Every structure is written in C-alpha cells, then in structure tokens.
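Below you'll find the structure, written out as structure tokens, and then a few comments.
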Amino acid sequence: MSDFEGLKALVTGGASGIGRATADLLAARGAQVTVLDLDPSTVTKPLLARRADVTDDASVRAAVEAAAAEMGGLDILVNNAGIGAQGTVEDNDDAQWTRVLDVNVLGMVRTARAALPHLRGSQRAAIVNTCSIAATAGLPQRALYSASKGAVLSLTLAMAADHVREGIRVNCVNPGTVDTPWVGRLLDAADDPAAERAALEARQPTGRLVAAGEVAAAICYLASPLAGATTGTALAVDGGMQGLRLRPVMPS
Ligand code: NAI
C-alpha cells in the first residue's frame, strides 16, 4: 500500500542521516519530497532539493514557497535539521547557546511558520519534529543540546494544540543514539572511538545504536494519514533507553 501517494513533503536537514533516510522512505512510499538543507548537493532524484539555512528566515521562506509551488502544495513538514553541543552548563558560551537554540528551536519555528499557510490547504496535514531522548532523560555533558530538545518537545505539544482544529497534526520522535554521520563525527573526535562506541551501545537496552531507517519509519508513521488520530505525542525510538530499567548483567 502506498499511504503517501499524492502527498507532498518537505524534510529539513534531509541531505544526511535521519533526514535523508526519512526523505528516501517517504518517496519510496509514494510521496513527492523536497529536501531543504544547507548543502543539498548529494540529494538525487526522485528527491527534489532546495538550499536553505534554517537560521535565515528569508532563505527558509523562499525555499518553502518554491518547494510548495514546484510540488503543487504541501501536506507534510518534517522538521529535522539540527546541530549538537557537548558540555555542562559551564562549558558553552552565550554565542554557542544562541547558535544551537537558533538552529534547533527557532529553525523549526521558521519552517513551520512558512509552511502552515500551505498545510492549511491539505486534507491530511502533518508536522513531525525530530526531538531527542535528551528532552526526557538527563544525559551527561549535554546541557545546551538537552535544553534545545526540551524546547522542541514543549513546542510540539503547543503546536499540536494550536493547530488541531485546523486539521494539522503535530508530533515528534525522540531517538536515542542513532548511527548517522553526526555520531560518526563524535566518535572520530573521541580519544578512544571504539570504547566510546561500545559505551553508547551499552547505554541502550537493545545493546546497539538505533539505525537511521528505524527513526525514519517512526517519522513516516506519524506523518502518515494512517496515524490520523495521533497528535501531540512523542514517540521514543531509543532501543528502550527511556522506558526500561534493566538489571545489570553480573559476571558469572
Ligand atoms: P546529520 O548531521 O547527519 O544531518 C543533519 C542535516 O541537517 C545535515 O544534512 C545538515 O546539513 C543539516 N543542517 C544543519 N544545520 C542546518 C541549517 N542551519 N539549515 C539547514 N540544514 C541544516 O544529523 P542526524 O544525526 O541525522 O540528526 C538529525 C536530527 O536528529 C537532529 O535534529 C538531531 O538533533 C536529531 N537527533 C540525532 C540523534 C543522533 O544520535 N544522531 C539522536 C537524537 C536526535
């Protein structure tokens, strides 16, 4: 079944990692998809691509308008572009705080603001925000990043309330650690990449990192008309990291 047949989707940060996997899956399931990214040079057909910086309102508005005109409307917005930050509350200066909140929170505000007039013209409108387990669990060395994703979680709920009577559903996914180029860069920067990877894998009850395709599948579920009764939810895609409390395995 092609549940996205005839639907038009925009995926921010869609040139890499979770966003790319989502754009590919939406297209495979019948949607027409435009990727909005800082660097869309690797995006290939059938995906369409627009260069935009989510921190620049004019560039977001221009890209959203152009994408909606090219596709003939907009039904689905996947707000996925984001950047990371490491450290405790003492470690990031004001410029870093401003920068990460600008990309991770205001970036979603800008794309949603530009997309909403188009989404109102759809009978099956949905917004899915890429949040994080960092919004719901206290992770070490992630003060700024967690604050940004906590804001995304609250923004998702507020937007779901504001737009439910317009027929626009708003949900988010909360991934654990996902095997994407981003995490690859983090591992490369670690003193002992193999030990760092093993520690990240062990933190998830499934004992492995989440695959980008698994997050894409969750995003597509929330974006699909099949989830028409689901709005204002956060779907964990974290190998059980948020919900489970396992007993440690004791050496025998
Ligand atoms: P990635 O680094 O592989 O891809 C991010 C994409 O966003 C890139 O194509 C980049 O060019 C684009 N981007 C960055 N800043 C942008 C801007 N200002 N304007 C337009 N595009 C921009 O990252 P990944 O891992 O796929 O992450 C995607 C989302 O998933 C982010 O919101 C991240 O916070 C979230 N996430 C990632 C997790 C992970 O473990 N990889 C875990 C939980 C959430």
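Ligands are numbered from 1 in the order shown, chains are lettered A, B, ... in the order of the structure tokens, and residues start at 1 in each chain.
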Check: Hey, what's within 8 Å of Pro40 (chain A) if we count only C-alpha atoms and toss same-chain stuff fewer than 3 positions away? As an MDAnalysis selection string, please?
Finding: chainID A and resid 14:15 35:37 43 49:51
Which residues sit within 9 Å of ligand 1, counting only C-alpha atoms and all ligand atoms, listed as a short mmCIF file (atom, residue, chain, number, x, y, z; two decimals) with N, CA and C atoms, in the first residue's frame?
data_model
loop_
_atom_site.label_atom_id
_atom_site.label_comp_id
_atom_site.auth_asym_id
_atom_site.auth_seq_id
_atom_site.Cartn_x
_atom_site.Cartn_y
_atom_site.Cartn_z
N THR A 12 13.50 18.99 6.37
CA THR A 12 14.67 19.84 6.62
C THR A 12 15.83 18.97 7.12
N GLY A 13 17.03 19.37 6.81
CA GLY A 13 18.19 18.54 7.15
C GLY A 13 18.11 17.20 6.43
N GLY A 14 17.51 17.21 5.26
CA GLY A 14 17.23 15.96 4.56
C GLY A 14 18.35 15.44 3.69
N ALA A 15 19.52 16.09 3.76
CA ALA A 15 20.64 15.62 2.93
C ALA A 15 21.47 14.55 3.61
N SER A 16 21.26 14.33 4.91
CA SER A 16 22.15 13.43 5.65
C SER A 16 21.36 12.69 6.73
N GLY A 17 21.89 11.57 7.18
CA GLY A 17 21.42 10.88 8.39
C GLY A 17 19.94 10.60 8.43
N ILE A 18 19.31 10.98 9.54
CA ILE A 18 17.89 10.69 9.77
C ILE A 18 17.02 11.37 8.70
N GLY A 19 17.36 12.60 8.37
CA GLY A 19 16.57 13.34 7.39
C GLY A 19 16.61 12.68 6.03
N ARG A 20 17.78 12.22 5.61
CA ARG A 20 17.90 11.57 4.30
C ARG A 20 17.14 10.26 4.28
N ALA A 21 17.28 9.48 5.36
CA ALA A 21 16.55 8.21 5.43
C ALA A 21 15.04 8.46 5.38
N LEU A 36 15.19 20.20 2.17
CA LEU A 36 15.70 21.56 2.44
C LEU A 36 16.94 21.38 3.30
N ASP A 37 18.08 21.85 2.81
CA ASP A 37 19.32 21.62 3.57
C ASP A 37 20.33 22.73 3.26
N LEU A 38 21.26 22.91 4.19
CA LEU A 38 22.39 23.83 3.97
C LEU A 38 23.18 23.42 2.75
N ASP A 39 23.34 22.10 2.59
CA ASP A 39 24.11 21.57 1.46
C ASP A 39 23.37 20.39 0.83
N PRO A 40 22.51 20.67 -0.14
CA PRO A 40 21.74 19.58 -0.75
C PRO A 40 22.44 18.94 -1.95
N ARG A 51 18.28 24.63 -1.39
CA ARG A 51 19.27 25.07 -0.40
C ARG A 51 18.65 26.12 0.50
N ALA A 52 18.76 25.94 1.79
CA ALA A 52 18.29 26.98 2.73
C ALA A 52 18.98 26.76 4.06
N ASP A 53 19.08 27.86 4.81
CA ASP A 53 19.65 27.82 6.16
C ASP A 53 18.49 28.10 7.11
N VAL A 54 18.20 27.17 8.01
CA VAL A 54 17.02 27.36 8.88
C VAL A 54 17.22 28.51 9.87
N THR A 55 18.43 29.06 9.97
CA THR A 55 18.62 30.24 10.82
C THR A 55 18.34 31.55 10.07
N ASP A 56 18.02 31.45 8.80
CA ASP A 56 17.82 32.64 7.97
C ASP A 56 16.36 32.64 7.47
N VAL A 60 14.52 30.52 4.38
CA VAL A 60 13.51 29.48 4.66
C VAL A 60 12.22 29.80 3.90
N ASN A 79 10.46 18.54 10.43
CA ASN A 79 11.41 19.50 10.97
C ASN A 79 12.54 18.72 11.61
N ASN A 80 13.61 18.53 10.88
CA ASN A 80 14.65 17.61 11.34
C ASN A 80 16.04 18.23 11.47
N ALA A 81 16.29 19.34 10.77
CA ALA A 81 17.64 19.93 10.81
C ALA A 81 18.01 20.25 12.25
N GLY A 82 19.21 19.90 12.64
CA GLY A 82 19.66 20.18 13.99
C GLY A 82 21.15 20.02 14.12
N ILE A 83 21.70 20.63 15.16
CA ILE A 83 23.14 20.50 15.44
C ILE A 83 23.32 20.12 16.90
N GLY A 84 24.50 19.61 17.22
CA GLY A 84 24.77 19.15 18.58
C GLY A 84 25.60 20.14 19.37
N ASP A 102 19.14 28.71 18.05
CA ASP A 102 18.70 29.30 16.77
C ASP A 102 18.43 28.20 15.74
N VAL A 103 19.35 27.23 15.64
CA VAL A 103 19.17 26.15 14.66
C VAL A 103 18.07 25.18 15.13
N ASN A 104 18.21 24.69 16.37
CA ASN A 104 17.38 23.56 16.80
C ASN A 104 15.94 23.94 17.16
N GLY A 107 14.82 27.32 14.22
CA GLY A 107 14.80 26.74 12.87
C GLY A 107 13.45 26.08 12.60
N ASN A 129 8.40 16.68 14.23
CA ASN A 129 9.66 17.30 14.67
C ASN A 129 10.62 16.22 15.17
N THR A 130 11.89 16.35 14.81
CA THR A 130 12.89 15.43 15.36
C THR A 130 13.37 16.00 16.69
N CYS A 131 12.91 15.37 17.76
CA CYS A 131 13.31 15.78 19.11
C CYS A 131 14.45 14.86 19.54
N SER A 132 14.49 14.41 20.78
CA SER A 132 15.59 13.54 21.22
C SER A 132 15.27 12.99 22.60
N ILE A 133 15.86 11.87 22.92
CA ILE A 133 15.79 11.36 24.30
C ILE A 133 16.39 12.38 25.27
N ALA A 134 17.22 13.28 24.75
CA ALA A 134 17.80 14.32 25.62
C ALA A 134 16.73 15.25 26.18
N TYR A 145 22.36 21.13 24.44
CA TYR A 145 21.61 20.31 23.49
C TYR A 145 20.27 19.87 24.10
N SER A 148 17.75 22.58 24.24
CA SER A 148 17.15 22.84 22.92
C SER A 148 16.09 21.79 22.59
N LYS A 149 16.35 20.54 22.93
CA LYS A 149 15.38 19.49 22.58
C LYS A 149 14.20 19.49 23.56
N VAL A 173 9.42 12.69 17.26
CA VAL A 173 10.12 11.44 17.59
C VAL A 173 11.27 11.77 18.54
N ASN A 174 11.52 10.85 19.47
CA ASN A 174 12.63 11.01 20.40
C ASN A 174 13.64 9.87 20.20
N PRO A 175 14.59 10.07 19.29
CA PRO A 175 15.57 9.00 19.07
C PRO A 175 16.57 8.91 20.22
N GLY A 176 17.09 7.69 20.43
CA GLY A 176 18.28 7.51 21.27
C GLY A 176 19.50 7.84 20.41
N THR A 177 20.61 7.15 20.62
CA THR A 177 21.80 7.43 19.81
C THR A 177 21.68 6.70 18.48
N VAL A 178 21.72 7.48 17.40
CA VAL A 178 21.46 6.94 16.07
C VAL A 178 22.76 6.92 15.27
N ASP A 179 22.94 5.85 14.53
CA ASP A 179 24.16 5.67 13.74
C ASP A 179 24.08 6.54 12.48
N THR A 180 24.45 7.82 12.61
CA THR A 180 24.42 8.76 11.48
C THR A 180 25.80 9.40 11.33
N PRO A 181 26.03 10.15 10.24
CA PRO A 181 27.31 10.84 10.09
C PRO A 181 27.64 11.73 11.30
N TRP A 182 26.62 12.29 11.92
CA TRP A 182 26.81 13.14 13.11
C TRP A 182 27.49 12.35 14.22
N VAL A 183 26.94 11.18 14.53
CA VAL A 183 27.52 10.36 15.61
C VAL A 183 28.89 9.85 15.17
N GLY A 184 29.04 9.58 13.88
CA GLY A 184 30.35 9.21 13.35
C GLY A 184 31.40 10.28 13.64
N ARG A 185 31.01 11.54 13.46
CA ARG A 185 31.93 12.66 13.74
C ARG A 185 32.27 12.71 15.23
N LEU A 209 23.27 0.73 18.54
CA LEU A 209 22.75 2.04 18.17
C LEU A 209 21.48 1.89 17.33
N VAL A 210 20.66 2.93 17.33
CA VAL A 210 19.46 2.96 16.51
C VAL A 210 19.90 3.21 15.06
N ALA A 212 19.27 4.83 11.32
CA ALA A 212 18.55 6.00 10.79
C ALA A 212 17.21 5.57 10.18
N VAL A 215 14.40 5.38 12.70
CA VAL A 215 13.81 6.68 13.06
C VAL A 215 12.93 7.15 11.90
N VAL A 237 12.24 6.32 20.03
CA VAL A 237 12.87 5.36 19.10
C VAL A 237 14.29 5.21 19.61
N ASP A 238 14.41 4.55 20.76
CA ASP A 238 15.65 4.66 21.53
C ASP A 238 16.17 3.34 22.07
#
Got a sec: who's within 12 Å of Glu166 (chain A), counting only C-alpha atoms, leaving out chain neighbours fewer than 4 positions off, as an mmCIF file with N, CA, C and O atoms, in the first residue's frame?
data_model
loop_
_atom_site.group_PDB
_atom_site.id
_atom_site.type_symbol
_atom_site.label_atom_id
_atom_site.label_comp_id
_atom_site.auth_asym_id
_atom_site.auth_seq_id
_atom_site.Cartn_x
_atom_site.Cartn_y
_atom_site.Cartn_z
ATOM 1 N N LEU A 116 2.875 26.608 7.317
ATOM 2 C CA LEU A 116 1.480 26.497 7.786
ATOM 3 C C LEU A 116 0.439 26.987 6.775
ATOM 4 O O LEU A 116 -0.589 26.305 6.588
ATOM 5 N N PRO A 117 0.651 28.109 6.103
ATOM 6 C CA PRO A 117 -0.371 28.523 5.127
ATOM 7 C C PRO A 117 -0.616 27.461 4.060
ATOM 8 O O PRO A 117 -1.750 27.290 3.597
ATOM 9 N N HIS A 118 0.419 26.711 3.688
ATOM 10 C CA HIS A 118 0.264 25.639 2.701
ATOM 11 C C HIS A 118 -0.383 24.410 3.331
ATOM 12 O O HIS A 118 -1.232 23.759 2.720
ATOM 13 N N LEU A 119 0.026 24.087 4.562
ATOM 14 C CA LEU A 119 -0.532 22.905 5.230
ATOM 15 C C LEU A 119 -2.039 23.060 5.446
ATOM 16 O O LEU A 119 -2.789 22.080 5.418
ATOM 17 N N ARG A 120 -2.489 24.294 5.648
ATOM 18 C CA ARG A 120 -3.937 24.530 5.845
ATOM 19 C C ARG A 120 -4.739 24.146 4.604
ATOM 20 O O ARG A 120 -5.936 23.897 4.693
ATOM 21 N N GLY A 121 -4.074 24.092 3.459
ATOM 22 C CA GLY A 121 -4.769 23.724 2.220
ATOM 23 C C GLY A 121 -4.810 22.221 2.002
ATOM 24 O O GLY A 121 -5.338 21.750 1.002
ATOM 25 N N SER A 122 -4.241 21.450 2.949
ATOM 26 C CA SER A 122 -4.186 19.996 2.809
ATOM 27 C C SER A 122 -5.281 19.345 3.648
ATOM 28 O O SER A 122 -5.643 19.839 4.707
ATOM 29 N N GLN A 123 -5.792 18.222 3.184
ATOM 30 C CA GLN A 123 -6.761 17.442 3.982
ATOM 31 C C GLN A 123 -6.045 16.472 4.913
ATOM 32 O O GLN A 123 -6.672 15.867 5.774
ATOM 33 N N ARG A 124 -4.729 16.301 4.727
ATOM 34 C CA ARG A 124 -4.005 15.279 5.504
ATOM 35 C C ARG A 124 -2.688 15.848 6.026
ATOM 36 O O ARG A 124 -1.622 15.245 5.891
ATOM 37 N N ALA A 125 -2.783 17.031 6.647
ATOM 38 C CA ALA A 125 -1.568 17.746 7.026
ATOM 39 C C ALA A 125 -0.943 17.191 8.304
ATOM 40 O O ALA A 125 -1.644 16.852 9.261
ATOM 41 N N ALA A 126 0.384 17.120 8.300
ATOM 42 C CA ALA A 126 1.098 16.652 9.494
ATOM 43 C C ALA A 126 2.464 17.316 9.569
ATOM 44 O O ALA A 126 3.124 17.542 8.552
ATOM 45 N N MET A 159 2.167 23.416 19.567
ATOM 46 C CA MET A 159 1.729 23.494 18.165
ATOM 47 C C MET A 159 0.590 22.512 17.903
ATOM 48 O O MET A 159 -0.350 22.821 17.150
ATOM 49 N N ALA A 160 0.658 21.334 18.514
ATOM 50 C CA ALA A 160 -0.414 20.345 18.326
ATOM 51 C C ALA A 160 -1.743 20.930 18.805
ATOM 52 O O ALA A 160 -2.784 20.759 18.154
ATOM 53 N N ALA A 161 -1.703 21.642 19.943
ATOM 54 C CA ALA A 161 -2.935 22.251 20.472
ATOM 55 C C ALA A 161 -3.416 23.380 19.568
ATOM 56 O O ALA A 161 -4.614 23.493 19.272
ATOM 57 N N ASP A 162 -2.491 24.193 19.108
ATOM 58 C CA ASP A 162 -2.874 25.360 18.295
ATOM 59 C C ASP A 162 -3.508 24.965 16.970
ATOM 60 O O ASP A 162 -4.370 25.682 16.456
ATOM 61 N N VAL A 170 0.509 17.445 14.874
ATOM 62 C CA VAL A 170 1.909 17.757 15.188
ATOM 63 C C VAL A 170 2.411 16.760 16.232
ATOM 64 O O VAL A 170 1.824 16.632 17.314
#
Separating CA of Val109 (chain A) from CA of Ala62 (chain A), to the nearest tenth of an Å, is a gap of 15.0 Å
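Here the question is which of A:Arg113, A:Trp97, A:Ala85, A:Asp24 gets nearest to Ala58 (chain A) using only C-alpha atoms, and that residue is A:Arg113.
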Judged by only C-alpha atoms, the minimum distance to Val89 (chain A) among A:Ile168, A:Leu153, A:Ala143, A:Ala190 is found for A:Ala143
(message) Let me make sure I understand: among A:Asn92, A:Ser224, A:Thr206, A:Thr136, which one has the smallest atom-to-atom distance to Ala236 (chain A) if we use only C-alpha atoms?
(response)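 Of all the options, A:Thr136 lies closest to Ala236 (chain A).
The smallest atom-to-atom distance between Thr233 (chain A) and any of A:Val249, A:Cys172, A:Cys220, A:Val78, using only C-alpha atoms, is found for A:Cys172.
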In Å, with one decimal, what is the gap from CA of Pro193 (chain A) to CA of Gln242 (chain A)?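 About the pair CA of Pro193 (chain A) and CA of Gln242 (chain A): they are 24.2 Å apart.
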### Task
Identify all residues of region 95-173 of chain A in alpha helix (DSSP H) (DSSP on the backbone) and supply them as a ChimeraX atom specification.
/A:95-101,107-119,143-163
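Proximity to Gly213 (chain A) was assessed for A:Ala23, A:Ala68, A:Ala229, A:Leu7 counting only C-alpha atoms; the smallest distance is recorded for A:Ala23.
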Could you pull out all residues of region 197-246 of chain A with a DSSP call of strand (DSSP E or B) and give them as a list in words?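 Residues of region 197-246 of chain A classed as strand (DSSP E or B): Val210, Ala211, Ala234, Leu235, Ala236 and Val237 of chain A.
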Go ahead and dump the residues you just picked, all heavy atoms, as a PDB file, in the first residue's frame.
ATOM      1  N   VAL A 210      20.662   2.929  17.335  1.00  0.00           N
ATOM      2  CA  VAL A 210      19.462   2.956  16.507  1.00  0.00           C
ATOM      3  C   VAL A 210      19.897   3.207  15.058  1.00  0.00           C
ATOM      4  O   VAL A 210      20.842   3.971  14.815  1.00  0.00           O
ATOM      5  CB  VAL A 210      18.520   4.092  16.980  1.00  0.00           C
ATOM      6  CG1 VAL A 210      17.273   4.172  16.112  1.00  0.00           C
ATOM      7  CG2 VAL A 210      18.142   3.904  18.457  1.00  0.00           C
ATOM      8  N   ALA A 211      19.225   2.576  14.103  1.00  0.00           N
ATOM      9  CA  ALA A 211      19.518   2.838  12.684  1.00  0.00           C
ATOM     10  C   ALA A 211      18.688   4.032  12.208  1.00  0.00           C
ATOM     11  O   ALA A 211      17.542   4.227  12.650  1.00  0.00           O
ATOM     12  CB  ALA A 211      19.169   1.614  11.847  1.00  0.00           C
ATOM     13  N   ALA A 234       4.996  12.147  21.664  1.00  0.00           N
ATOM     14  CA  ALA A 234       6.437  11.978  21.442  1.00  0.00           C
ATOM     15  C   ALA A 234       6.694  10.482  21.376  1.00  0.00           C
ATOM     16  O   ALA A 234       6.416   9.760  22.335  1.00  0.00           O
ATOM     17  CB  ALA A 234       7.224  12.599  22.588  1.00  0.00           C
ATOM     18  N   LEU A 235       7.160  10.010  20.247  1.00  0.00           N
ATOM     19  CA  LEU A 235       7.387   8.570  20.047  1.00  0.00           C
ATOM     20  C   LEU A 235       8.867   8.255  20.259  1.00  0.00           C
ATOM     21  O   LEU A 235       9.724   8.724  19.491  1.00  0.00           O
ATOM     22  CB  LEU A 235       6.942   8.187  18.625  1.00  0.00           C
ATOM     23  CG  LEU A 235       7.146   6.747  18.177  1.00  0.00           C
ATOM     24  CD1 LEU A 235       6.533   5.756  19.158  1.00  0.00           C
ATOM     25  CD2 LEU A 235       6.542   6.552  16.787  1.00  0.00           C
ATOM     26  N   ALA A 236       9.167   7.497  21.305  1.00  0.00           N
ATOM     27  CA  ALA A 236      10.557   7.131  21.585  1.00  0.00           C
ATOM     28  C   ALA A 236      11.039   6.090  20.585  1.00  0.00           C
ATOM     29  O   ALA A 236      10.334   5.128  20.293  1.00  0.00           O
ATOM     30  CB  ALA A 236      10.675   6.575  23.003  1.00  0.00           C
ATOM     31  N   VAL A 237      12.240   6.318  20.033  1.00  0.00           N
ATOM     32  CA  VAL A 237      12.869   5.364  19.100  1.00  0.00           C
ATOM     33  C   VAL A 237      14.295   5.207  19.607  1.00  0.00           C
ATOM     34  O   VAL A 237      15.253   5.693  18.999  1.00  0.00           O
ATOM     35  CB  VAL A 237      12.859   5.881  17.647  1.00  0.00           C
ATOM     36  CG1 VAL A 237      13.211   4.744  16.680  1.00  0.00           C
ATOM     37  CG2 VAL A 237      11.529   6.495  17.266  1.00  0.00           C
TER      38      VAL A 237
END
Residue with the minimum atom-to-atom distance to Gln86 (chain A), picked from A:Arg247, A:Tyr221, A:Val128, A:Val100 with only C-alpha atoms counted, is A:Val100
Might you pull out every residue within 7 Å of Gly240 (chain A), with only C-alpha atoms counted and same-chain residues fewer than 4 positions away left off, and present them as an MDAnalysis selection string?
chainID A and resid 204:206 244
Keeping C-alpha atoms, export the residues of the selection given above as a short mmCIF file (atom, residue, chain, number, x, y, z; two decimals), in the first residue's frame.
data_model
loop_
_atom_site.label_atom_id
_atom_site.label_comp_id
_atom_site.auth_asym_id
_atom_site.auth_seq_id
_atom_site.Cartn_x
_atom_site.Cartn_y
_atom_site.Cartn_z
CA GLN A 204 20.73 1.32 25.07
CA PRO A 205 18.94 -1.81 26.35
CA THR A 206 18.99 -3.31 22.85
CA LEU A 244 13.28 0.33 30.58
#
Students should find that CA of Gly72 (chain A) and CA of Leu10 (chain A) are spaced 12.2 Å
